[in-house]
$ cat final26.cif   # mmCIF, C-alpha atoms
data_upload
loop_
_atom_site.label_atom_id
_atom_site.label_comp_id
_atom_site.auth_asym_id
_atom_site.auth_seq_id
_atom_site.Cartn_x
_atom_site.Cartn_y
_atom_site.Cartn_z
CA MET F 1 0.00 0.00 0.00
CA ALA F 2 3.00 2.31 0.47
CA GLY F 3 3.35 2.49 -3.37
CA ARG F 4 0.02 4.44 -3.71
CA SER F 5 0.62 6.79 -0.79
CA PHE F 6 1.18 10.49 -1.15
CA ALA F 7 4.30 9.83 0.72
CA ASN F 8 5.56 8.11 -2.36
CA PRO F 9 7.04 10.80 -4.62
CA LEU F 10 6.66 8.65 -7.73
CA TYR F 11 2.96 8.29 -7.14
CA VAL F 12 2.54 12.03 -6.59
CA ALA F 13 4.53 12.76 -9.71
CA GLY F 14 2.33 10.39 -11.77
CA ARG F 15 -0.83 12.04 -10.55
CA LEU F 16 0.47 15.50 -11.29
CA THR F 17 1.54 14.43 -14.74
CA ARG F 18 -1.95 13.04 -15.58
CA TYR F 19 -3.56 16.21 -14.26
CA ALA F 20 -1.28 18.35 -16.29
CA ARG F 21 -1.98 16.32 -19.43
CA GLY F 22 -5.71 16.69 -18.93
CA ALA F 23 -5.46 20.42 -18.39
CA VAL F 24 -3.25 20.86 -21.42
CA GLY F 25 -5.63 18.79 -23.55
CA ARG F 26 -8.62 20.88 -22.54
CA CYS F 27 -6.73 24.07 -23.21
CA ALA F 28 -5.68 22.74 -26.60
CA ASP F 29 -9.27 21.83 -27.50
CA ALA F 30 -10.53 25.26 -26.52
CA LEU F 31 -7.72 26.87 -28.46
CA ILE F 32 -8.40 24.75 -31.59
CA ARG F 33 -12.12 25.52 -31.47
CA ALA F 34 -11.47 29.21 -31.09
CA VAL F 35 -8.91 29.22 -33.90
CA ALA F 36 -11.11 27.07 -36.19
CA GLY F 37 -14.12 29.35 -35.56
CA ALA F 38 -12.07 32.38 -36.34
CA VAL F 39 -10.66 30.77 -39.48
CA VAL F 40 -14.07 29.67 -40.72
CA ALA F 41 -15.53 33.09 -39.99
CA ARG F 42 -12.83 34.69 -42.05
CA LEU F 43 -13.02 32.21 -44.92
CA ASP F 44 -15.00 33.12 -48.08
CA LEU F 45 -16.55 29.71 -48.72
CA ASP F 46 -18.28 30.85 -51.91
CA ALA F 47 -15.00 31.92 -53.39
CA LEU F 48 -13.43 28.69 -52.24
CA VAL F 49 -16.17 26.56 -53.82
CA ALA F 50 -15.98 28.63 -57.00
CA ARG F 51 -12.34 27.64 -57.31
CA VAL F 52 -13.17 23.96 -57.22
CA ASP F 53 -13.13 22.38 -60.67
CA VAL F 54 -16.18 20.13 -60.33
CA ASP F 55 -15.74 18.62 -63.76
CA ARG F 56 -12.27 17.48 -62.91
CA VAL F 57 -13.52 16.01 -59.68
CA ALA F 58 -16.31 14.24 -61.54
CA ASP F 59 -13.83 12.87 -64.07
CA ARG F 60 -11.88 11.28 -61.27
CA VAL F 61 -14.91 9.66 -59.74
CA ASP F 62 -15.26 6.03 -60.87
CA VAL F 63 -19.05 5.90 -61.13
CA GLY F 64 -19.00 2.27 -62.21
CA ARG F 65 -17.18 1.26 -59.07
CA VAL F 66 -19.63 3.23 -56.97
CA ALA F 67 -22.53 1.62 -58.74
CA GLU F 68 -21.07 -1.81 -58.16
CA ARG F 69 -21.02 -1.16 -54.45
CA VAL F 70 -24.65 -0.05 -54.38
CA ASP F 71 -26.99 -2.84 -53.32
CA VAL F 72 -29.92 -1.97 -55.57
CA ASN F 73 -32.09 -4.80 -54.30
CA ARG F 74 -31.74 -3.58 -50.75
CA ILE F 75 -32.74 -0.08 -51.82
CA ALA F 76 -35.66 -1.46 -53.80
CA ASP F 77 -36.83 -3.44 -50.79
CA ARG F 78 -37.02 -0.25 -48.79
CA VAL F 79 -39.06 1.58 -51.41
CA ASP F 80 -42.80 1.60 -50.69
CA VAL F 81 -44.06 1.31 -54.25
CA GLU F 82 -47.71 1.32 -53.22
CA ARG F 83 -47.32 4.62 -51.47
CA ILE F 84 -45.56 6.11 -54.47
CA ALA F 85 -48.28 4.80 -56.76
CA ASP F 86 -50.94 6.33 -54.56
CA ARG F 87 -49.28 9.70 -54.89
CA VAL F 88 -49.07 9.54 -58.67
CA ASP F 89 -51.93 11.39 -60.41
CA VAL F 90 -52.22 9.25 -63.52
CA ASN F 91 -55.05 11.30 -64.98
CA ARG F 92 -52.99 14.45 -64.78
CA ILE F 93 -50.09 12.71 -66.51
CA ALA F 94 -52.42 11.33 -69.16
CA ASP F 95 -53.83 14.81 -69.77
CA ARG F 96 -50.35 16.10 -70.43
CA VAL F 97 -49.52 13.36 -72.94
CA ASP F 98 -49.89 14.53 -76.54
CA VAL F 99 -51.08 11.33 -78.15
CA ASN F 100 -51.22 12.84 -81.61
CA ARG F 101 -47.61 13.86 -81.39
CA ILE F 102 -46.63 10.35 -80.33
CA ALA F 103 -48.71 8.88 -83.13
CA ASP F 104 -47.03 11.20 -85.64
CA ARG F 105 -43.66 9.84 -84.62
CA VAL F 106 -44.69 6.20 -84.96
CA ASP F 107 -43.68 4.63 -88.26
CA VAL F 108 -46.79 2.56 -88.86
CA ASP F 109 -45.50 1.16 -92.13
CA ALA F 110 -42.43 -0.20 -90.40
CA VAL F 111 -44.59 -1.78 -87.71
CA ILE F 112 -46.87 -3.37 -90.31
CA ALA F 113 -43.87 -4.58 -92.28
CA ARG F 114 -42.69 -6.47 -89.21
CA ILE F 115 -46.06 -8.18 -88.72
CA ASP F 116 -46.70 -11.49 -90.48
CA LEU F 117 -50.23 -10.64 -91.53
CA VAL F 118 -50.90 -14.05 -93.05
CA VAL F 119 -50.08 -15.89 -89.83
CA LEU F 120 -51.90 -13.28 -87.78
CA THR F 121 -55.01 -13.50 -89.95
CA LYS F 122 -54.99 -17.29 -89.84
CA GLY F 123 -54.71 -17.20 -86.07
CA VAL F 124 -57.56 -14.72 -85.72
CA LEU F 125 -59.78 -16.69 -88.09
CA ALA F 126 -58.99 -19.92 -86.28
CA GLU F 127 -59.77 -18.29 -82.95
CA ILE F 128 -63.12 -16.76 -83.89
CA ASP F 129 -64.17 -19.62 -86.21
CA LEU F 130 -65.55 -17.27 -88.85
CA GLY F 131 -66.87 -20.14 -90.93
CA ARG F 132 -69.17 -21.25 -88.13
CA ILE F 133 -70.43 -17.68 -87.64
CA VAL F 134 -71.15 -17.34 -91.35
CA ARG F 135 -72.89 -20.71 -91.41
CA ASP F 136 -74.98 -19.93 -88.35
CA THR F 137 -75.86 -16.46 -89.55
CA GLY F 138 -76.61 -17.54 -93.11
CA GLY F 139 -78.62 -20.54 -91.96
CA GLY F 140 -80.52 -18.46 -89.45
CA MET F 141 -81.33 -15.75 -91.97
CA ALA F 142 -82.42 -18.27 -94.59
CA GLY F 143 -84.56 -20.10 -92.04
CA GLU F 144 -86.22 -16.89 -90.88
CA THR F 145 -86.86 -15.83 -94.46
CA VAL F 146 -88.48 -19.17 -95.29
CA GLU F 147 -90.62 -19.03 -92.16
CA ALA F 148 -91.69 -15.49 -93.02
CA ILE F 149 -92.68 -16.57 -96.54
CA ARG F 150 -94.65 -19.50 -95.16
CA LEU F 151 -96.43 -17.33 -92.62
CA ARG F 152 -97.37 -14.64 -95.13
CA SER F 153 -98.63 -17.19 -97.64
CA LEU F 154 -100.63 -18.88 -94.88
CA ARG F 155 -102.28 -15.56 -93.98
CA ALA F 156 -102.90 -14.82 -97.66
CA ASP F 157 -104.50 -18.26 -98.01
CA ARG F 158 -106.84 -17.49 -95.15
CA VAL F 159 -107.78 -14.12 -96.58
CA VAL F 160 -108.56 -15.71 -99.96
CA ASN F 161 -110.52 -18.50 -98.30
CA ARG F 162 -112.60 -16.02 -96.29
CA LEU F 163 -113.34 -13.96 -99.39
CA ALA F 164 -114.35 -17.08 -101.31
CA ASP F 165 -116.58 -18.27 -98.47
CA ARG F 166 -118.24 -14.85 -98.28
CA TRP F 167 -118.68 -14.73 -102.04
CA LEU F 168 -120.22 -18.19 -102.08
CA ARG F 169 -122.37 -17.29 -99.04
CA ARG F 170 -121.23 -20.26 -97.03
CA PRO F 171 -120.00 -20.42 -93.46
CA GLY F 172 -116.28 -20.78 -92.82
CA THR F 173 -115.22 -24.29 -93.61
CA ASN F 174 -113.24 -26.52 -91.35
CA PRO F 175 -110.42 -27.58 -93.66
CA VAL F 176 -109.09 -31.07 -93.79
CA HIS F 177 -106.88 -32.14 -90.87
CA GLU F 178 -104.50 -35.05 -90.52
CA ASP F 179 -106.91 -36.81 -88.22
CA GLY F 180 -109.90 -36.86 -90.54
CA PRO F 181 -110.92 -36.66 -94.18
CA GLY F 182 -112.51 -33.25 -94.28
CA PRO F 183 -115.21 -31.36 -92.49
CA PRO F 184 -118.49 -32.86 -91.34
CA PRO F 185 -121.40 -32.40 -93.76
CA LEU F 186 -123.28 -29.18 -93.31
CA PRO F 187 -126.90 -29.35 -92.13
CA PRO F 188 -129.46 -28.76 -94.86
CA ALA F 189 -130.36 -25.17 -95.40
CA PRO F 190 -133.72 -24.13 -93.97
CA MET K 191 -89.85 -15.18 -86.28
CA THR K 192 -91.78 -14.25 -83.16
CA GLY K 193 -93.38 -16.74 -80.83
CA ALA K 194 -96.88 -15.68 -81.87
CA ALA K 195 -96.07 -16.18 -85.55
CA ALA K 196 -94.55 -19.58 -84.82
CA ARG K 197 -97.68 -20.57 -82.89
CA GLU K 198 -99.84 -19.37 -85.76
CA ARG K 199 -97.89 -21.53 -88.19
CA ALA K 200 -97.91 -24.52 -85.88
CA GLY K 201 -101.66 -24.15 -85.41
CA ALA K 202 -102.15 -24.54 -89.15
CA TRP K 203 -100.25 -27.83 -89.42
CA GLY K 204 -102.50 -30.43 -90.99
CA GLU K 205 -104.91 -27.89 -92.46
CA ALA K 206 -105.58 -28.01 -96.18
CA ALA K 207 -103.40 -25.42 -97.88
CA GLY K 208 -104.88 -22.47 -99.73
CA ILE K 209 -104.31 -21.29 -103.23
CA VAL K 210 -101.63 -18.69 -102.47
CA SER K 211 -99.23 -21.16 -100.87
CA ARG K 212 -99.89 -23.73 -103.55
CA ALA K 213 -99.47 -21.24 -106.38
CA LEU K 214 -96.19 -20.02 -104.92
CA ALA K 215 -94.99 -23.60 -104.54
CA ALA K 216 -95.99 -24.27 -108.17
CA LEU K 217 -94.04 -21.19 -109.22
CA VAL K 218 -90.92 -22.45 -107.44
CA ASP K 219 -91.40 -25.86 -109.01
CA ALA K 220 -91.72 -24.24 -112.43
CA CYS K 221 -88.34 -22.59 -111.84
CA VAL K 222 -86.84 -25.91 -110.79
CA ILE K 223 -88.25 -27.61 -113.88
CA ALA K 224 -86.92 -24.81 -116.09
CA GLY K 225 -83.50 -25.26 -114.48
CA ALA K 226 -83.66 -29.00 -115.03
CA GLY K 227 -84.63 -28.44 -118.65
CA LEU K 228 -81.68 -26.11 -119.10
CA ALA K 229 -79.39 -28.68 -117.49
CA VAL K 230 -80.67 -31.35 -119.86
CA HIS K 231 -80.13 -28.99 -122.78
CA LEU K 232 -76.54 -28.32 -121.68
CA ALA K 233 -75.96 -32.01 -121.11
CA ALA K 234 -77.20 -32.74 -124.62
CA GLY K 235 -74.72 -30.15 -125.90
CA GLY K 236 -71.96 -31.85 -123.92
CA VAL K 237 -72.82 -35.26 -125.34
CA ARG K 238 -72.83 -33.77 -128.81
CA LEU K 239 -69.40 -32.25 -128.12
CA LEU K 240 -68.07 -35.66 -127.04
CA VAL K 241 -69.50 -37.44 -130.06
CA ALA K 242 -69.02 -34.90 -132.88
CA GLY K 243 -66.13 -32.90 -131.43
CA PRO K 244 -65.72 -29.13 -131.05
CA PRO K 245 -67.04 -26.51 -131.26
CA PHE K 246 -69.51 -26.67 -128.40
CA ARG K 247 -72.98 -25.78 -129.61
CA LEU K 248 -76.31 -26.15 -127.89
CA PRO K 249 -78.66 -28.45 -129.79
CA ASP K 250 -81.60 -26.85 -131.53
CA PRO K 251 -84.34 -29.49 -131.38
CA PRO K 252 -87.74 -29.05 -133.02
CA GLY K 253 -90.45 -27.48 -130.94
CA TRP K 254 -92.43 -30.66 -130.42
CA LEU K 255 -89.35 -32.44 -129.07
CA SER K 256 -88.64 -29.61 -126.64
CA ALA K 257 -92.25 -29.69 -125.50
CA VAL K 258 -92.22 -33.45 -124.99
CA CYS K 259 -88.92 -33.33 -123.09
CA GLY K 260 -90.14 -30.48 -120.90
CA TRP K 261 -93.40 -32.28 -120.23
CA LEU K 262 -91.54 -35.47 -119.33
CA ILE K 263 -89.14 -33.67 -117.00
CA ALA K 264 -92.01 -31.92 -115.23
CA VAL K 265 -94.12 -35.05 -114.82
CA LEU K 266 -91.22 -37.17 -113.65
CA TYR K 267 -90.01 -34.51 -111.22
CA LEU K 268 -93.42 -33.73 -109.73
CA GLY K 269 -94.72 -37.32 -109.71
CA GLY K 270 -91.47 -38.72 -108.33
CA SER K 271 -91.31 -36.13 -105.58
CA TRP K 272 -94.93 -36.61 -104.52
CA SER K 273 -94.68 -40.39 -104.47
CA VAL K 274 -91.32 -40.60 -102.69
CA THR K 275 -91.46 -37.79 -100.11
CA GLY K 276 -94.75 -36.03 -100.69
CA VAL K 277 -92.96 -32.73 -101.24
CA THR K 278 -91.36 -30.99 -104.18
CA ALA K 279 -88.84 -28.18 -103.77
CA GLY K 280 -91.64 -25.64 -103.88
CA ASP K 281 -93.69 -27.59 -101.36
CA ARG K 282 -90.71 -27.77 -99.02
CA LEU K 283 -90.12 -24.03 -99.29
CA LEU K 284 -93.75 -23.22 -98.56
CA GLY K 285 -94.13 -25.94 -95.92
CA LEU K 286 -96.66 -28.08 -97.79
CA ARG K 287 -97.11 -31.82 -98.22
CA VAL K 288 -99.11 -33.78 -100.78
CA THR K 289 -100.78 -36.97 -99.61
CA ALA K 290 -103.81 -39.10 -100.21
CA ARG K 291 -106.87 -38.16 -98.15
CA SER K 292 -105.89 -40.87 -95.70
CA GLY K 293 -102.63 -39.09 -95.02
CA ARG K 294 -100.47 -41.68 -96.78
CA LEU K 295 -98.13 -40.86 -99.61
CA LEU K 296 -99.53 -41.15 -103.09
CA GLY K 297 -98.61 -44.21 -105.09
CA LEU K 298 -96.44 -43.66 -108.13
CA PRO K 299 -99.25 -44.03 -110.71
CA ARG K 300 -101.50 -41.58 -108.84
CA ALA K 301 -98.62 -39.18 -108.35
CA LEU K 302 -97.70 -39.33 -112.03
CA LEU K 303 -101.34 -38.85 -113.03
CA ARG K 304 -101.62 -35.86 -110.70
CA ALA K 305 -98.41 -34.42 -112.15
CA ALA K 306 -99.61 -34.97 -115.73
CA LEU K 307 -102.90 -33.26 -114.92
CA TYR K 308 -101.10 -30.31 -113.38
CA VAL K 309 -98.82 -29.91 -116.38
CA ALA K 310 -101.69 -30.27 -118.82
CA PHE K 311 -104.26 -28.22 -116.93
CA PRO K 312 -102.58 -25.93 -114.36
CA VAL K 313 -105.69 -23.75 -114.22
CA GLY K 314 -107.27 -26.52 -112.16
CA LEU K 315 -105.49 -24.99 -109.19
CA LEU K 316 -107.99 -22.12 -109.28
CA TRP K 317 -110.65 -24.47 -107.94
CA VAL K 318 -108.96 -24.45 -104.51
CA PRO K 319 -110.72 -21.42 -102.99
CA LEU K 320 -114.06 -22.58 -104.38
CA SER K 321 -113.72 -26.08 -102.96
CA ARG K 322 -114.98 -26.79 -99.47
CA ARG K 323 -112.00 -29.15 -99.03
CA ARG K 324 -109.57 -26.64 -100.61
CA ALA K 325 -109.03 -29.16 -103.38
CA SER K 326 -107.94 -28.42 -106.90
CA VAL K 327 -109.42 -30.21 -109.89
CA GLN K 328 -106.39 -32.53 -109.87
CA ASP K 329 -106.97 -33.28 -106.19
CA LEU K 330 -110.57 -34.19 -106.91
CA VAL K 331 -109.52 -36.53 -109.72
CA VAL K 332 -106.81 -38.44 -107.82
CA ALA K 333 -108.30 -37.95 -104.31
CA SER K 334 -105.29 -36.15 -102.95
CA VAL K 335 -104.93 -33.30 -100.50
CA VAL K 336 -102.25 -30.67 -99.87
CA ARG K 337 -101.70 -29.76 -96.23
CA TYR K 338 -99.53 -27.38 -94.29
CA HIS K 339 -96.63 -29.37 -92.93
CA ARG K 340 -94.15 -28.61 -90.18
CA GLY K 341 -91.18 -29.35 -92.49
#
$ encode --input "final26.cif" --output "structure tokens"
Amino acid sequence: MAGRSFANPLYVAGRLTRYARGAVGRCADALIRAVAGAVVARLDLDALVARVDVDRVADRVDVGRVAERVDVNRIADRVDVERIADRVDVNRIADRVDVNRIADRVDVDAVIARIDLVVLTKGVLAEIDLGRIVRDTGGGMAGETVEAIRLRSLRADRVVNRLADRWLRRPGTNPVHEDGPGPPPLPPAP
Amino acid sequence: MTGAAARERAGAWGEAAGIVSRALAALVDACVIAGAGLAVHLAAGGVRLLVAGPPFRLPDPPGWLSAVCGWLIAVLYLGGSWSVTGVTAGDRLLGLRVTARSGRLLGLPRALLRAALYVAFPVGLLWVPLSRRRASVQDLVVASVVRYHRG
């Protein structure tokens, strides 16, 4: 215990030395801060920045190497796409798009030249089965026409029959049906 | 076709057909017979081309031969159709069917006789509206009847 006693001159010297180092350090910090503040206050940062050749700095930056170090997937994971999408006003963007101008710049002939119209047409025809549509439509129209002719001729028959019955002054006859050979005989006239 | 019209047509099935339907059917049959006659004429020209060689020329038969051929075509077409199916092309278009009064198909002799009478005396059709049975003169002779049919 005698080693750590104030009676030990080495111990006292060590303590004094540490104290002195601390005091000097604090003084140095205060001095540096004061000097730095004074320097910064006197510096013309705008003039300093104006002297920087940004292009030369940019030329020395290896963007590819920086890009290689960027973890794009990690950044993408942190992006809230839904929130961004909610904030996008699509209608406003669409209103600002000049469709006619875009259309004017499209080379339609070149697009058509790249399309195999024969294959495309065959595929479309196979998909919609045009032949069946034509058959159904044609058959349906022909059937309806025939039915219309039959109906009109039937009505015309009845009109003619009524006129004939009236002209011959006889009551309307009961024409022959499948289930019997003609109408029953009429009662004798009074 | 509407439902009411379809019901009206269906309600007439089995009724004796009137003169308008039958005249229209006869008109269609006349066109068919004319087409058949033309086909026979062309076929005769083709046979002549095969036998006598080019050029192709349609034959120019005497009038009596044309009349006989046309008469034969009409009688065979009408009689054959009525005896086999009861309907000619015109009957099918107008939805008619020719049968005996019993409802059975006409036999070939009766069908041919009816056809011959129609070709020889088509005016007999005008008796239909005057007849209580809606029968033409030919129907009265061969005891046949023409009805609306669902076909």
$ interface_residues --input "final26.cif" --of "chain K" --to "chain F" --cutoff "6 Å" --atoms "all atoms listed in the file" --output "MDAnalysis selection string"
chainID K and resid 204:206 208 210:211 284 291 319 323
$ atom_distance --input "final26.cif" --atom1 "CA of Leu120 in chain F" --atom2 "CA of Asp136 in chain F"
24.0 Å
$ atom_distance --input "final26.cif" --atom1 "CA of Leu214 in chain K" --atom2 "CA of His231 in chain K"
25.6 Å
$ atom_distance --input "final26.cif" --atom1 "CA of Val265 in chain K" --atom2 "CA of Val309 in chain K"
7.1 Å
$ resolve_selection --input "final26.cif" --expression "the PyMOL selection byres ((chain K and resi 302) around 8)" --output "list in words"
Val265, Leu266, Leu268, Gly269, Gly270, Leu298, Pro299, Arg300, Ala301, Leu303, Arg304, Ala305 and Ala306 of chain K
$ residues_around --input "final26.cif" --residues "Asp250 in chain K" --least-positions-apart "2" --cutoff "12 Å" --atoms "all atoms listed in the file" --output "ChimeraX atom specification"
/K:231-232,234-235,238,247-248,252-256
$ write_last_selection --input "final26.cif" --atoms "C-alpha atoms" --output "PDB file, keeping the file's coordinate frame"
ATOM      1  CA  HIS K 231     -80.130 -28.990-122.780  1.00  0.00           C
ATOM      2  CA  LEU K 232     -76.540 -28.320-121.680  1.00  0.00           C
ATOM      3  CA  ALA K 234     -77.200 -32.740-124.620  1.00  0.00           C
ATOM      4  CA  GLY K 235     -74.720 -30.150-125.900  1.00  0.00           C
ATOM      5  CA  ARG K 238     -72.830 -33.770-128.810  1.00  0.00           C
ATOM      6  CA  ARG K 247     -72.980 -25.780-129.610  1.00  0.00           C
ATOM      7  CA  LEU K 248     -76.310 -26.150-127.890  1.00  0.00           C
ATOM      8  CA  PRO K 252     -87.740 -29.050-133.020  1.00  0.00           C
ATOM      9  CA  GLY K 253     -90.450 -27.480-130.940  1.00  0.00           C
ATOM     10  CA  TRP K 254     -92.430 -30.660-130.420  1.00  0.00           C
ATOM     11  CA  LEU K 255     -89.350 -32.440-129.070  1.00  0.00           C
ATOM     12  CA  SER K 256     -88.640 -29.610-126.640  1.00  0.00           C
TER      13      SER K 256
END
$ closest_residue --input "final26.cif" --among "K:Pro245, K:Asp281, K:Val318, K:Ala196" --to "Ala220 in chain K" --atoms "all atoms listed in the file"
K:Asp281
$ residues_around --input "final26.cif" --residues "Leu217 in chain K" --least-positions-apart "5" --cutoff "12 Å" --atoms "only C-alpha atoms" --output "mmCIF file with C-alpha atoms, in the coordinates of the input"
data_model
loop_
_atom_site.group_PDB
_atom_site.id
_atom_site.type_symbol
_atom_site.label_atom_id
_atom_site.label_comp_id
_atom_site.auth_asym_id
_atom_site.auth_seq_id
_atom_site.Cartn_x
_atom_site.Cartn_y
_atom_site.Cartn_z
ATOM 1 C CA ILE K 209 -104.310 -21.290 -103.230
ATOM 2 C CA VAL K 210 -101.630 -18.690 -102.470
ATOM 3 C CA SER K 211 -99.230 -21.160 -100.870
ATOM 4 C CA ARG K 212 -99.890 -23.730 -103.550
ATOM 5 C CA VAL K 222 -86.840 -25.910 -110.790
ATOM 6 C CA ILE K 223 -88.250 -27.610 -113.880
ATOM 7 C CA ALA K 224 -86.920 -24.810 -116.090
ATOM 8 C CA THR K 278 -91.360 -30.990 -104.180
ATOM 9 C CA ALA K 279 -88.840 -28.180 -103.770
ATOM 10 C CA GLY K 280 -91.640 -25.640 -103.880
ATOM 11 C CA ASP K 281 -93.690 -27.590 -101.360
ATOM 12 C CA LEU K 283 -90.120 -24.030 -99.290
ATOM 13 C CA LEU K 284 -93.750 -23.220 -98.560
ATOM 14 C CA PRO K 312 -102.580 -25.930 -114.360
#
$ closest_residue --input "final26.cif" --among "K:Ala325, K:Ala310, K:Leu320, K:Ala242" --to "Val258 in chain K" --atoms "only C-alpha atoms"
K:Ala310
$ axis_aligned_box --input "final26.cif" --around "range 158-164 of chain F" --padding-each-side "5 Å" --output "AutoDock Vina command-line options"
--center_x -110.6 --center_y -16.2 --center_z -98.2 --size_x 17.5 --size_y 14.5 --size_z 16.2
$ decode --input "final26.cif" --residues "range 194-262 of chain K" --atoms "C-alpha atoms" --output "PDB file, in the first residue's frame"
ATOM      1  CA  ALA K 194     -96.880 -15.677 -81.866  1.00  0.00           C
ATOM      2  CA  ALA K 195     -96.071 -16.175 -85.547  1.00  0.00           C
ATOM      3  CA  ALA K 196     -94.545 -19.581 -84.819  1.00  0.00           C
ATOM      4  CA  ARG K 197     -97.675 -20.572 -82.892  1.00  0.00           C
ATOM      5  CA  GLU K 198     -99.842 -19.366 -85.758  1.00  0.00           C
ATOM      6  CA  ARG K 199     -97.894 -21.526 -88.194  1.00  0.00           C
ATOM      7  CA  ALA K 200     -97.915 -24.523 -85.876  1.00  0.00           C
ATOM      8  CA  GLY K 201    -101.664 -24.151 -85.409  1.00  0.00           C
ATOM      9  CA  ALA K 202    -102.147 -24.537 -89.150  1.00  0.00           C
ATOM     10  CA  TRP K 203    -100.255 -27.827 -89.424  1.00  0.00           C
ATOM     11  CA  GLY K 204    -102.497 -30.434 -90.992  1.00  0.00           C
ATOM     12  CA  GLU K 205    -104.907 -27.886 -92.464  1.00  0.00           C
ATOM     13  CA  ALA K 206    -105.584 -28.013 -96.179  1.00  0.00           C
ATOM     14  CA  ALA K 207    -103.403 -25.424 -97.875  1.00  0.00           C
ATOM     15  CA  GLY K 208    -104.878 -22.472 -99.733  1.00  0.00           C
ATOM     16  CA  ILE K 209    -104.312 -21.293-103.232  1.00  0.00           C
ATOM     17  CA  VAL K 210    -101.630 -18.687-102.473  1.00  0.00           C
ATOM     18  CA  SER K 211     -99.227 -21.155-100.875  1.00  0.00           C
ATOM     19  CA  ARG K 212     -99.887 -23.728-103.548  1.00  0.00           C
ATOM     20  CA  ALA K 213     -99.465 -21.244-106.383  1.00  0.00           C
ATOM     21  CA  LEU K 214     -96.186 -20.022-104.918  1.00  0.00           C
ATOM     22  CA  ALA K 215     -94.991 -23.603-104.542  1.00  0.00           C
ATOM     23  CA  ALA K 216     -95.985 -24.266-108.166  1.00  0.00           C
ATOM     24  CA  LEU K 217     -94.038 -21.192-109.222  1.00  0.00           C
ATOM     25  CA  VAL K 218     -90.921 -22.449-107.436  1.00  0.00           C
ATOM     26  CA  ASP K 219     -91.397 -25.858-109.013  1.00  0.00           C
ATOM     27  CA  ALA K 220     -91.720 -24.239-112.435  1.00  0.00           C
ATOM     28  CA  CYS K 221     -88.338 -22.586-111.841  1.00  0.00           C
ATOM     29  CA  VAL K 222     -86.838 -25.911-110.790  1.00  0.00           C
ATOM     30  CA  ILE K 223     -88.246 -27.608-113.884  1.00  0.00           C
ATOM     31  CA  ALA K 224     -86.917 -24.809-116.086  1.00  0.00           C
ATOM     32  CA  GLY K 225     -83.499 -25.260-114.477  1.00  0.00           C
ATOM     33  CA  ALA K 226     -83.664 -29.003-115.028  1.00  0.00           C
ATOM     34  CA  GLY K 227     -84.626 -28.436-118.650  1.00  0.00           C
ATOM     35  CA  LEU K 228     -81.684 -26.106-119.100  1.00  0.00           C
ATOM     36  CA  ALA K 229     -79.391 -28.675-117.490  1.00  0.00           C
ATOM     37  CA  VAL K 230     -80.669 -31.351-119.862  1.00  0.00           C
ATOM     38  CA  HIS K 231     -80.133 -28.988-122.781  1.00  0.00           C
ATOM     39  CA  LEU K 232     -76.543 -28.319-121.684  1.00  0.00           C
ATOM     40  CA  ALA K 233     -75.965 -32.006-121.107  1.00  0.00           C
ATOM     41  CA  ALA K 234     -77.199 -32.738-124.618  1.00  0.00           C
ATOM     42  CA  GLY K 235     -74.723 -30.152-125.905  1.00  0.00           C
ATOM     43  CA  GLY K 236     -71.963 -31.846-123.918  1.00  0.00           C
ATOM     44  CA  VAL K 237     -72.821 -35.257-125.341  1.00  0.00           C
ATOM     45  CA  ARG K 238     -72.825 -33.775-128.808  1.00  0.00           C
ATOM     46  CA  LEU K 239     -69.399 -32.254-128.123  1.00  0.00           C
ATOM     47  CA  LEU K 240     -68.069 -35.656-127.040  1.00  0.00           C
ATOM     48  CA  VAL K 241     -69.502 -37.442-130.062  1.00  0.00           C
ATOM     49  CA  ALA K 242     -69.023 -34.896-132.876  1.00  0.00           C
ATOM     50  CA  GLY K 243     -66.129 -32.896-131.431  1.00  0.00           C
ATOM     51  CA  PRO K 244     -65.717 -29.134-131.054  1.00  0.00           C
ATOM     52  CA  PRO K 245     -67.043 -26.512-131.264  1.00  0.00           C
ATOM     53  CA  PHE K 246     -69.506 -26.668-128.402  1.00  0.00           C
ATOM     54  CA  ARG K 247     -72.976 -25.775-129.614  1.00  0.00           C
ATOM     55  CA  LEU K 248     -76.308 -26.152-127.888  1.00  0.00           C
ATOM     56  CA  PRO K 249     -78.657 -28.446-129.787  1.00  0.00           C
ATOM     57  CA  ASP K 250     -81.598 -26.852-131.534  1.00  0.00           C
ATOM     58  CA  PRO K 251     -84.337 -29.486-131.376  1.00  0.00           C
ATOM     59  CA  PRO K 252     -87.735 -29.046-133.021  1.00  0.00           C
ATOM     60  CA  GLY K 253     -90.455 -27.476-130.939  1.00  0.00           C
ATOM     61  CA  TRP K 254     -92.431 -30.664-130.423  1.00  0.00           C
ATOM     62  CA  LEU K 255     -89.348 -32.439-129.065  1.00  0.00           C
ATOM     63  CA  SER K 256     -88.640 -29.614-126.645  1.00  0.00           C
ATOM     64  CA  ALA K 257     -92.247 -29.689-125.499  1.00  0.00           C
ATOM     65  CA  VAL K 258     -92.222 -33.453-124.993  1.00  0.00           C
ATOM     66  CA  CYS K 259     -88.921 -33.326-123.095  1.00  0.00           C
ATOM     67  CA  GLY K 260     -90.142 -30.478-120.901  1.00  0.00           C
ATOM     68  CA  TRP K 261     -93.397 -32.277-120.227  1.00  0.00           C
ATOM     69  CA  LEU K 262     -91.540 -35.468-119.328  1.00  0.00           C
TER      70      LEU K 262
END
